[in-house]
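Take a look at the structure below.
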Amino acid sequence: MSEVKARANVLLEEAAKPSLGEIGATLRDLGLGGYAADTFCALVRVPQSTAGDLVLKTGIPDSKIYYALDELAEKGLIEVQAGKPKTYRALPPRETEARLGRMLDAKHDRERKSVTRVGALLEPLRASAKSPATDLAFIVKGLPNVIARAQSMIGSARREIVVLASHEPFFRRLEPDLIKAGRRRVALRIAVPDIRVDKDLERFAEVRSIVCTCMILVVDAQQVLTVTRTAENEAYGITSTDETLVRLGIEYWESPRCCVGRG
């Protein structure tokens with residue numbers, strides 16, 4: 001009978017390995033140390049345990065197990081019962097999920113701040129690296145990349161944005177970003193087909209009806225993006241800071257052959 005029980009325990013251990021491996025990997029991804037992740041995986045398999053028992057179960061050295069347990073306690077993932085020796089147990093699954101959710105939110109906040117910091121550091125570096133030669137054109141391929149470039153340009157606007165978009169789905173992808181720009185008091189001039197634009201955007205922008213077939217974005221009279229085709233894999237955009245190309249983009253807005261007033 002004891003042999004059957006031992007065999008059953010072996011099978012249970014084998015079945016649990018994939019789940020424990022995924023749990024440990026997630027904890028490490030959230031910032032926990034390897035010893036802490038391994039200790040937590042050991043604790044979820046038992047009602048409670050002492051540090052000595054965990055050393056035997058995990059193979060973690062005596063000198064490291066208490067650091068691992070302190071880390072788990074600090075993160076709120078385990079409970080500690082005073083005594084000689086102390087005993088430890090993992091939180092119930094729902095509470096663990098809530099704790100990990102807060103850890104994930106904190107991780108995202110740190111990463112978002114890091115990205116913002118990188119952007120702030122890049123700006124003066126790029127400014128100092130600008131070439132005196134004219135920036136003629138750069139090509140952006142693929143619809144997601146073209147849209148991302150347009151959104152980035154809109155997000156960088158400080159004074160004025162001119163948009164000519166004969167393709168409604170493309171315009172709709174940019175509409176939320178244009179509303180945000182309007183709230184920043186960026187002047188908006190938009191030419192689109194005879195469609196209803198968002199009421200907030202309509203409040204911020206001068207809206208015209210587009211006559212020609214084109215998609216042009218001009219930001220602060222300094223940079224222009226022209227878009228050709230809008231199929232997922234066929235779309236590409238050309239972005240430039242060349243003064244002539246920028247001026248041509250603005251002239252499209254001003255030309256009655258391209259844009260006309262509404263009603």
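Going by the structure tokens order, chains are called A, B, ..., each with residues numbered from 1, while ligands are numbered from 1 in the order shown.
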Near-Val260 of chain A list (10 Å; only C-alpha atoms; drop same-chain fewer than 2 positions) as a PDB file with N, CA and C atoms, in the first residue's frame:
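Result file is around.pdb:
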```
ATOM      1  N   ALA A 191      -9.750  67.727 -43.135  1.00  0.00           N
ATOM      2  CA  ALA A 191     -10.567  67.496 -44.325  1.00  0.00           C
ATOM      3  C   ALA A 191     -10.827  66.004 -44.442  1.00  0.00           C
ATOM      4  N   VAL A 207     -13.410  71.913 -39.869  1.00  0.00           N
ATOM      5  CA  VAL A 207     -13.610  70.694 -40.658  1.00  0.00           C
ATOM      6  C   VAL A 207     -14.100  71.046 -42.054  1.00  0.00           C
ATOM      7  N   ARG A 208     -13.460  70.480 -43.067  1.00  0.00           N
ATOM      8  CA  ARG A 208     -13.880  70.625 -44.453  1.00  0.00           C
ATOM      9  C   ARG A 208     -14.144  69.257 -45.057  1.00  0.00           C
ATOM     10  N   SER A 209     -14.795  69.263 -46.224  1.00  0.00           N
ATOM     11  CA  SER A 209     -15.012  68.024 -46.969  1.00  0.00           C
ATOM     12  C   SER A 209     -13.895  67.855 -47.988  1.00  0.00           C
ATOM     13  N   ILE A 210     -13.338  66.656 -48.052  1.00  0.00           N
ATOM     14  CA  ILE A 210     -12.237  66.402 -48.963  1.00  0.00           C
ATOM     15  C   ILE A 210     -12.782  66.023 -50.332  1.00  0.00           C
ATOM     16  N   VAL A 211     -12.173  66.557 -51.365  1.00  0.00           N
ATOM     17  CA  VAL A 211     -12.590  66.296 -52.734  1.00  0.00           C
ATOM     18  C   VAL A 211     -11.625  65.322 -53.406  1.00  0.00           C
ATOM     19  N   TRP A 253      -4.580  71.612 -48.457  1.00  0.00           N
ATOM     20  CA  TRP A 253      -5.697  72.024 -47.610  1.00  0.00           C
ATOM     21  C   TRP A 253      -6.320  73.313 -48.125  1.00  0.00           C
ATOM     22  N   GLU A 254      -5.517  74.226 -48.599  1.00  0.00           N
ATOM     23  CA  GLU A 254      -6.010  75.535 -49.019  1.00  0.00           C
ATOM     24  C   GLU A 254      -6.603  75.530 -50.417  1.00  0.00           C
ATOM     25  N   SER A 255      -6.364  74.450 -51.177  1.00  0.00           N
ATOM     26  CA  SER A 255      -6.844  74.390 -52.576  1.00  0.00           C
ATOM     27  C   SER A 255      -8.306  73.944 -52.631  1.00  0.00           C
ATOM     28  N   PRO A 256      -9.172  74.698 -53.337  1.00  0.00           N
ATOM     29  CA  PRO A 256     -10.578  74.275 -53.492  1.00  0.00           C
ATOM     30  C   PRO A 256     -10.714  73.001 -54.325  1.00  0.00           C
ATOM     31  N   ARG A 257      -9.656  72.634 -55.053  1.00  0.00           N
ATOM     32  CA  ARG A 257      -9.703  71.399 -55.808  1.00  0.00           C
ATOM     33  C   ARG A 257      -9.523  70.173 -54.907  1.00  0.00           C
ATOM     34  N   CYS A 258      -9.156  70.422 -53.660  1.00  0.00           N
ATOM     35  CA  CYS A 258      -8.926  69.318 -52.731  1.00  0.00           C
ATOM     36  C   CYS A 258      -9.877  69.370 -51.540  1.00  0.00           C
ATOM     37  N   ARG A 262     -17.934  73.031 -45.561  1.00  0.00           N
ATOM     38  CA  ARG A 262     -19.132  72.219 -45.316  1.00  0.00           C
ATOM     39  C   ARG A 262     -20.361  73.095 -45.148  1.00  0.00           C
ATOM     40  N   GLY A 263     -21.418  72.666 -45.877  1.00  0.00           N
ATOM     41  CA  GLY A 263     -22.768  73.219 -45.742  1.00  0.00           C
ATOM     42  C   GLY A 263     -22.848  74.681 -45.535  1.00  0.00           C
TER      43      GLY A 263
END
```
Identify all residues of segment 15-252 of chain A in strand (DSSP E) (DSSP on the backbone) and supply them as JSON, numbers by chain.
{"A": [49, 50, 78, 79, 80, 81, 87, 88, 89, 90, 138, 139, 140, 141, 160, 161, 162, 163, 164, 165, 187, 188, 189, 190, 191, 192, 205, 206, 207, 208, 209, 210, 215, 216, 217, 218, 219, 223, 224, 225, 226, 227, 228, 236, 237, 238, 239, 240]}
Distance criterion (only C-alpha atoms): nearest to Gly142 of chain A out of A:Ala165, A:Ala235, A:Leu248, A:Cys259:
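Nearest to Gly142 of chain A: A:Ala235.
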Alpha helix (DSSP H) call set, DSSP backbone run, segment 49-251 of chain A, as a PyMOL selection string
chain A and resi 51-58+62-74+93-128+143-156+168-183+199-204+243-251
Which polymer residues have any atom within 12 Å of an atom of Lys75 of chain A, counting only C-alpha atoms, with same-chain residues fewer than 4 positions away left out, as a ChimeraX atom specification?
/A:27,30-33,36-37,40,68-71,79,90-91,96,98-104,106
Residues near Thr244 of chain A, anyone? I mean within 12 Å using only C-alpha atoms, not counting same-chain ones fewer than 3 positions away, as a list in words.
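So the residues in contact are Thr134, Asp135, Leu136, Ala137, Ala221, Gln222, Gln223, Val224, Ser240, Thr241, Arg247, Leu248, Gly249, Ile250 and Glu251 of chain A.
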Could you save those same residues with C-alpha atoms as an mmCIF file, in the first residue's frame?
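Everything below was put into result.cif:
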```cif
data_model
loop_
_atom_site.group_PDB
_atom_site.id
_atom_site.type_symbol
_atom_site.label_atom_id
_atom_site.label_comp_id
_atom_site.auth_asym_id
_atom_site.auth_seq_id
_atom_site.Cartn_x
_atom_site.Cartn_y
_atom_site.Cartn_z
ATOM 1 C CA THR A 134 17.802 68.714 -45.617
ATOM 2 C CA ASP A 135 15.795 65.750 -44.429
ATOM 3 C CA LEU A 136 14.250 64.707 -47.739
ATOM 4 C CA ALA A 137 12.184 61.636 -46.899
ATOM 5 C CA ALA A 221 4.318 73.432 -40.472
ATOM 6 C CA GLN A 222 7.539 71.486 -39.888
ATOM 7 C CA GLN A 223 6.938 67.848 -40.757
ATOM 8 C CA VAL A 224 4.695 66.058 -43.226
ATOM 9 C CA SER A 240 9.814 64.492 -44.256
ATOM 10 C CA THR A 241 10.762 67.863 -42.810
ATOM 11 C CA ARG A 247 4.328 73.689 -47.873
ATOM 12 C CA LEU A 248 2.770 71.500 -50.580
ATOM 13 C CA GLY A 249 0.851 69.587 -47.902
ATOM 14 C CA ILE A 250 -0.594 72.814 -46.521
ATOM 15 C CA GLU A 251 -1.448 74.043 -50.018
#
```
Do you know which residues are at most 8 Å from segment 155-161 of chain A counting only C-alpha atoms, after dropping those on the same chain fewer than 5 positions away, and could you put them as a count of residues only?
12
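Nearest to Cys212 of chain A of all the residues A:Lys113, A:His167, A:Arg89, A:Arg183 is A:His167, based on only C-alpha atoms.
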Among A:Lys141, A:Arg172, A:Arg184, A:Arg196, Glu234 of chain A is approached most closely, using only C-alpha atoms, by A:Lys141
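The nearest approach to Tyr35 of chain A among the residues A:Thr116, A:Thr226, A:Thr58, A:Thr87, with only C-alpha atoms taken into account, belongs to A:Thr58.
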Given only C-alpha atoms as the counted atoms, nearest of A:Leu201, A:Ile139, A:Val118, A:Cys214 to Leu164 of chain A
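The answer is A:Cys214, which sits nearest to Leu164 of chain A.
Between atom CA of Tyr252 of chain A and atom CA of Val163 of chain A the separation is 10.0 Å.
From atom CA of Ile179 of chain A back to atom CA of Asp200 of chain A, the distance works out to 6.7 Å.
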Quote the spacing between atom CA of Thr50 of chain A and atom CA of Lys86 of chain A in Å to one decimal place.
6.1 Å
